[in-house]
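Below you'll find the structure, written out as structure tokens, and then a few comments.
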Protein chains: 4
Amino acid sequence: MSEKVFRDPVHSLMRFDTEEERIVLDLIETRELQRLKYIKQLGVSYVVYPGAVHTRFSHSLATAYLMKRVIERFKLKGYKVILTCAALLHDIGHLPFSHLLEEFTKEGHEVRTAAIITDKKSEVREVLKSYDPSYPNQIRQILERTFKPSFAVKLISSQLDVDRMDYLLRDSFYTGVGYGNFDLDWLIHSLRVVEVDGDWEVAVDLHKGVRAAEGYVLARYYMYRQVYHHKRGRAAGAMIKKILQRAGDLLKEGHQIFVIGPLKRLLMNSHLSFEDFLSLDDVVLSFAIRQWERSKDPILADLCLRFNRGKIFEVIDLGDPDPEILEKVKKAALSHGLDPLYYVELDRAADNPYIDDYLVYDDKKKKKMKAGENIFLSDGKNLIELSSHSELIGAIRNRTFVTDRLCFPGEIKGDVAKFLA
Amino acid sequence: MSEKVFRDPVHSLMRFDTEEERIVLDLIETRELQRLKYIKQLGVSYVVYPGAVHTRFSHSLATAYLMKRVIERFKLKGYKVILTCAALLHDIGHLPFSHLLEEFTKEGHEVRTAAIITDKKSEVREVLKSYDPSYPNQIRQILERTFKPSFAVKLISSQLDVDRMDYLLRDSFYTGVGYGNFDLDWLIHSLRVVEVDGDWEVAVDLHKGVRAAEGYVLARYYMYRQVYHHKRGRAAGAMIKKILQRAGDLLKEGHQIFVIGPLKRLLMNSHLSFEDFLSLDDVVLSFAIRQWERSKDPILADLCLRFNRGKIFEVIDLGDPDPEILEKVKKAALSHGLDPLYYVELDRAADNPYIDDYLVYDDKKKKKMKAGENIFLSDGKNLIELSSHSELIGAIRNRTFVTDRLCFPGEIKGDVAKFLA
Amino acid sequence: MSEKVFRDPVHSLMRFDTEEERIVLDLIETRELQRLKYIKQLGVSYVVYPGAVHTRFSHSLATAYLMKRVIERFKLKGYKVILTCAALLHDIGHLPFSHLLEEFTKEGHEVRTAAIITDKKSEVREVLKSYDPSYPNQIRQILERTFKPSFAVKLISSQLDVDRMDYLLRDSFYTGVGYGNFDLDWLIHSLRVVEVDGDWEVAVDLHKGVRAAEGYVLARYYMYRQVYHHKRGRAAGAMIKKILQRAGDLLKEGHQIFVIGPLKRLLMNSHLSFEDFLSLDDVVLSFAIRQWERSKDPILADLCLRFNRGKIFEVIDLGDPDPEILEKVKKAALSHGLDPLYYVELDRAADNPYIDDYLVYDDKKKKKMKAGENIFLSDGKNLIELSSHSELIGAIRNRTFVTDRLCFPGEIKGDVAKFLA
Amino acid sequence: MSEKVFRDPVHSLMRFDTEEERIVLDLIETRELQRLKYIKQLGVSYVVYPGAVHTRFSHSLATAYLMKRVIERFKLKGYKVILTCAALLHDIGHLPFSHLLEEFTKEGHEVRTAAIITDKKSEVREVLKSYDPSYPNQIRQILERTFKPSFAVKLISSQLDVDRMDYLLRDSFYTGVGYGNFDLDWLIHSLRVVEVDGDWEVAVDLHKGVRAAEGYVLARYYMYRQVYHHKRGRAAGAMIKKILQRAGDLLKEGHQIFVIGPLKRLLMNSHLSFEDFLSLDDVVLSFAIRQWERSKDPILADLCLRFNRGKIFEVIDLGDPDPEILEKVKKAALSHGLDPLYYVELDRAADNPYIDDYLVYDDKKKKKMKAGENIFLSDGKNLIELSSHSELIGAIRNRTFVTDRLCFPGEIKGDVAKFLA
């Protein structure tokens with residue numbers, strides 16, 4: 001056992017040094033957690049924000065730390081251990097390069113996270129079981145959102161969860177933008193757990209915390225519009241997509257390219273074993289993209305070379321995505337000898353900054369169910385839904401902000417400028 | 001051409017948006033600079049400080065930015081372009097994993113940096129030449145410390161240089177420790193360029209800046225003792241060293257292991273071509289260490305597995321490095337079936353926090369020369385060497401702080417505890 | 001002449017050290033500016049936020065510094081001196097205790113500020129004239145909003161001015177709340193001066209700066225709702241109002257209380273001479289309130305004692321200001337022997353976070369005119385009004401947020417609770 | 001009862017919201033604590049650092065808060081209440097204008113603080129007694145350094161106390177300098193309470209905390225040399241001293257000047273009653289200095305006018321305080337019609353940054369005793385004195401840093417320059 005206290009640029013000292021918290025340290029030493037040291041939180045965003053190379057590992061530690069702080073505030077200490085563990089583990093199902101690879105697996109990271117918790121091969125399950133045989137199932141239920149009381153689920157995964165609290169601050173900090181800041185200390189100070197219909201719900205104190213809650217929702221809104229959906233960041237993502245698409249197509253057509261087994265299976269949409277999944281991280285992907293620079297396939301080689309040398313695709317915003325423009329751009333690519341299938345991408349970035357009704361997967365009923373992820377304000381007696389009380393949140397409630405863009409190589413920029421003139 | 005303004009968590013906005021600064025943007029797009037996106041500034045220190053995964057790329061941008069700020073202060077604008085370029089390029093000769101790999105090349109990164117600037121294959125040289133044919137040579141001279149006037153050399157590489165100003169703040173910021181902070185704005189405000197014997201020297205205003213200069217030297221002292229020489233960070237470095245040593249030995253003995261050409265040549269101490277050098281970065285090293293987990297060689301596989309899973313060697317401080325203890329620990333390793341050559345490391349971390357006399361390589365005379373890296377205070381007339389004026393700096397002047405440690409696997413910790421009891 | 005570089009907790013070093021900026025240093029030494037060292041920026045808010053005791057002096061320096069930064073960005077250097085001076089001087093017409101005393105003078109601080117600039121007795125006018133005889137008039141015009149081109153006026157006083165940029169950050173910093181933060185560096189980076197109908201207008205770059213502009217408007221919105229209109233801060237203000245009202249009434253009725261001439265004239269709504277005005281600051285007011293603790297008038301003495309000992313009035317929010325409640329509370333006060341005229345205050349705090357049409361006083365036409373204080377976005381060709389483009393700002397556009405509250409002494413809290421039950 | 005949670009710019013939220021902490025809220029409401037809202041922590045330093053107008057009130061709250069954090073870490077909860085109260089109350093014996101007024105009372109603030117705790121007229125004593133009759137005496141003993149176990153005394157008042165921890169950070173924060181920063185979280189994390197000879201002593205963990213302890217001592221060293229002993233800050237202090245000296249001399253000679261009773265008694269070195277003491281704060285002093293601008297005494301009026309208008313005395317550093325120079329400067333003053341007694345001040349600023357032996361007043365034995373204020377490091381078994389282990393602290397151990405300066409009006413600057421040439 002090594003450290004019990006972690007230095008963190010965002011939260012200063014994060015301690016897990018009581019007897020009760022030994023389980024946290026044991027989980028940190030598992031293979032599933034250590035793997036997150038090699039997966040960047042923001043995928044390829046470092047192309048835009050050179051400082052933003054932080055990992056899911058430090059985010060996971062911090063999420064556990066925030067959960068611990070929240071729970072200690074509530075004096076609901078019976079839930080402290082499982083909630084802290086659930087917070088620590090909430091991201092272990094992630095593939096590298098953020099959400100880009102999920103297109104190949106057709107499976108969300110939440111599903112994989114839940115599966116790993118109870119997978120017989122997982123070290124995480126071993127550790128949890130060694131403390132209490134019921135832990136793996138309990139934590140799986142929390143992560144699958146079927147656990148009761150509800151406050152436990154919502155603190156991990158809702159519009160008001162510790163995951164988001166940390167990632168907004170962390171991504172803001174590492175990118176160097178100011179948008180993701182909100183008043184964390186005051187928000188935690190204003191949180192309440194209140195009884196509703198025999199269940200326990202999380203809420204924010206109406207009198208103390210409404211501005212902090214608003215600030216937090218707006219921080220998320222800004223981070224999406226400014227950072228997560230940044231033009232060049234999306235273009236970099238589009239390039240990764242095209243590279244993997246080309247590699248997959250080559251493999252499916254029987255061509256030889258440098259590839260390790262798990263990545264091959266991913267690109268060919270085959271089943272990923274537990275072992276396969278654990279092997280996939282930024283190192284493996286980045287190394288392949290490095291090797292493919294020298295692939296015999298000119299398209300794959302060219303795309304990788306561009307990406308590795310920082311020659312990111314150009315981007316234009318399409319007010320309305322006019323199908324004619326797409327066709328024209330494709331033709332322009334062709335006329336430069338570039339296959340539009342791999343060189344032109346129509347990218348749609350969409351975000352719902354605040355919605356008052358969610359659908360979630362119910363494990364028992366095997367279907368998606370309404371889960372009510374609303375943020376509630378409490379005046380001590382009643383719950384008031386945030387967007388009904390706040391003009392600002394009301395203005396973005398249930399809205400989807402969509403940005404359609406075209407990404408293409410720099411050499412056809414002149415042609416594109418002409419179409420749009 | 002893409003961004004002209006970079007967000008940075010340490011310095012906020014870093015702009016290179018004047019006509020004169022276009023050369024900086026062009027250099028950033030070169031292969032040699034882009035490569036630094038894939039080399040972490042602090043090598044394996046992320047094992048101790050999960051947040052410290054920042055890259056040499058962001059440090060290089062920031063060093064250029066600080067140089068620009070310093071030069072603009074002096075109104076020595078004739079030197080602005082070459083000094084900003086030199087600052088940007090000062091780290092392009094680095095191998096991955098900090099200084100650990102230099103043991104295989106027997107060549108310092110400064111030598112390689114200088115060589116790249118004028119290498120006919122380098123994109124950097126092309127860019128520099130396209131602005132002014134004399135730039136490559138001038139910048140090489142600055143980086144080799146033979147340029148005159150001296151202030152130019154010293155701002156890039158001395159005990160009072162912009163490189164250090166940025167890395168102390170940056171490493172402090174990303175690790176989350178407070179030790180590397182000093183008063184950057186005030187230090188820059190207190191810098192002077194003064195004439196001495198027909199040369200131009202950098203100094204700190206005696207009346208305004210002596211405390212800022214002290215604070216800066218002490219910040220460095222602390223970062224070495226607390227961060228760069230951190231126990232577990234050194235142990236992680238020792239593991240990498242052992243892994244590479246084992247891989248090298250296997251290759252020299254003709255065994256087959258997964259390895260790409262450039263890495264093979266590195267590990268076999270062969271000559272690295274320009275191309276080889278550029279191929280080596282964290283991705284390549286980390287991928288090899290990942291693959292070697294499944295090597296047929298049990299030692300290599302075991303060491304890599306330990307490292308990748310975060311099972312870092314244990315460490316003990318040796319007050320005086322008693323040779324008997326080393327022998328005992330080696331025997332203990334052997335008795336656990338572990339080859340001491342690859343499982344026991346005597347690690348010496350040494351630092352000179354402030355010295356008043358340096359030796360540097362003189363390119364023309366082909367030998368090391370005294371270069372006088374002292375920090376000077378100026379009272380407007382005379383130069384006063386810092387340690388002669390400051391009690392605190394006097395206390396650490398020309399001292400070498402050495403820590404000797406033993407690193408070994410956790411399973412023999414019990415045995416080692418017995419020897420030391 | 002003393003300092004040319006000021007340390008500031010918010011903006012680090014603020015330098016005024018060029019030849020051109022000597023006028024700033026000379027103005028700082030005037031009596032009118034020095035007086036602002038003794039007027040707290042946030043009046044009695046220190047009752048709620050013990051750290052918020054910063055002065056209008058440091059805010060004024062910082063406003064000048066921000067103006068300098070903005071102007072240097074635009075390369076409109078012809079305006080640099082007068083705009084920096086105008087920024088420095090924009091608050092010299094303030095009375096102590098924020099806006100509470102303006103009720104006695106029936107005159108806004110903007111009017112007094114403008115008058116001082118050209119008052120023959122003012123040192124400020126002397127300094128300005130000594131640099132350029134036209135400066136006093138030019139700067140007066142800027143501060144009165146009649147100067148052309150318009151961008152100069154708007155940078156000093158509009159919904160997008162440097163005054164506000166500094167006070168939001170400063171008040172946020174000193175209170176310790178997070179609400180007033182916005183992305184200052186980026187906002188300044190995104191500012192543009194654009195030509196419109198032969199005039200020059202300030203705008204924010206549509207593509208780069210819309211989120212920074214939104215963030216800035218929202219920062220203001222939050223500071224009003226959370227800090228400037230804080231419950232107990234308003235109650236403390238109400239107490240000061242009552243104290244001054246009682247003192248004024250006593251004076252008008254011919255009673256003797258401790259009072260210096262200028263304060264007496266203020267409280268009796270007499271004309272304040274230039275000298276009178278300059279004598280009034282926090283020290284004078286606070287000293288009177290201290291002395292009045294021992295006044296023979298029991299009401300004045302009691303109110304002052306309460307205030308000085310931190311026994312601030314209780315407050316309740318009135319959803320709808322029901323006149324019956326007010327009457328009941330007054331009766332309750334009476335039943336405790338407290339004169340409702342001086343012990344019960346109906347307080348209305350109102351704010352318009354963003355309006356797209358302002359009325360301003362036109363000096364020549366002697367009437368209020370529309371001045372168009374809208375924040376504009378520029379896409380390089382057209383100007384787009386912010387609230388028409390931003391959902392969030394649209395949601396608060398032209399809205400007035402009103403909070404009605406009752407303030408009363410703690411001893412009748414129980415009675416009030418009963419009425420409201 | 002009002003707030004239980006205080007916003008603080010330095011420590012974010014400071015909560016005193018448990019049942020046990022109600023005593024803290026009651027003490028905050030006493031007259032003795034409320035008075036500290038009107039005493040600036042750094043006296044006249046705002047003349048140099050316009051942002052540094054923070055009060056002893058916010059420092060006192062924060063000292064209590066840090067004590068609470070430290071005690072909670074130790075699990076010595078039996079001492080939590082009295083130590084938190086002692087921390088809160090440690091500064092209530094301060095006069096305004098920092099230490100300048102103690103020259104008139106010939107009595108240190110520590111003595112007055114202790115006396116107030118048990119004074120029958122004090123509200124503080126009433127509150128303490130209402131919780132536990134033994135509290136006033138216990139807390140007085142802590143503040144007089146006679147309490148056992150010793151760790152309690154040392155946490156309040158030693159070279160490693162919470163008072164200093166807060167004021168270094170706070171003064172650094174509000175002045176905007178970087179010097180006072182140290183690693184607070186880590187230092188608190190490294191604190192230990194260890195048994196020595198049947199007593200309990202505070203120490204810092206040798207392995208974890210030695211650099212944090214060094215950093216803390218150096219932060220203090222820097223704050224003295226850079227901020228507390230700042231040239232112009234000392235000159236401003238010298239002016240206040242001269243003003244009060246002149247006012248005192250006038251009063252002693254029977255002249256009439258504006259003065260309230262308590263201030264008069266202070267200036268005439270008469271006994272100050274409890275009531276007198278409580279009346280003296282920044283408001284009273286500043287008001288007098290404002291009124292004296294119009295005194296019939298030309299010296300008093302002139303000095304006050306200079307101070308209020310920011311015309312601070314000029315200062316020169318005397319390497320060795322040459323008595324001849326002093327005489328010459330006095331003559332120069334005289335030749336300008338300025339009485340040297342009130343216009344020339346020889347100022348000596350002295351500081352011992354780290355001493356390993358203190359004398360303290362022992363209440364029982366009625367004499368000063370060695371108290372051993374050394375900072376100790378603990379390796380779990382033995383205590384090691386800091387300066388014996390640390391080269392840096394060794395370099396300043398038991399040293400006194402003295403700066404002698406001459407302060408005089410600007411009009412004789414030219415003459416002085418000639419003497420020194």
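Chain labels follow the order of the structure tokens: the first chain is A, the next B, and so on; residue numbering restarts at 1 in every chain, and ligands are counted from 1 in their shown order.
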
Query raised in the report: What lies within 9 Å of A:Leu346 using only C-alpha atoms, ignoring chain neighbours under 2 positions off, as a list in words?
Result: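 Using only C-alpha atoms, the neighbours found are Ala238, Pro321, Leu326, Val344, Arg348, Asp404, Arg405, Leu406 and Cys407 of chain A.
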
Please, which residues in chain C fall within 10 Å of chain A when counting only C-alpha atoms, and what is the closest atom pair and distance in Å to one decimal for each, ordered by chain then residue number, as CSV?
```
residue,atom,partner,partner_atom,distance
C:Val177,CA,A:Asp183,CA,7.5
C:Gly178,CA,A:Asp183,CA,5.5
C:Tyr179,CA,A:Asp183,CA,7.3
C:Asn181,CA,A:Gly178,CA,8.1
C:Phe182,CA,A:Gly178,CA,6.6
C:Asp183,CA,A:Gly178,CA,5.5
C:Leu184,CA,A:Gly178,CA,8.9
C:Asp185,CA,A:Gly178,CA,9.7
C:Trp186,CA,A:Val177,CA,8.7
C:Lys208,CA,A:Gln226,CA,9.6
C:Val210,CA,A:Gln226,CA,9.9
C:Arg211,CA,A:Tyr222,CA,7.2
C:Ala212,CA,A:Tyr179,CA,8.3
C:Glu214,CA,A:Tyr222,CA,9.8
C:Gly215,CA,A:Tyr179,CA,7.8
C:Leu218,CA,A:Gly215,CA,9.3
C:Ala219,CA,A:Gly215,CA,9.6
C:Tyr222,CA,A:Arg211,CA,7.3
C:Arg225,CA,A:Arg211,CA,8.4
C:Gln226,CA,A:Arg211,CA,7.6
C:Ser390,CA,A:Ala395,CA,9.9
C:Glu391,CA,A:Ala395,CA,6.2
C:Leu392,CA,A:Leu392,CA,5.8
C:Ile393,CA,A:Leu392,CA,8.1
C:Gly394,CA,A:Ala395,CA,8.0
C:Ala395,CA,A:Ala395,CA,5.7
C:Ile396,CA,A:Glu391,CA,7.0
```
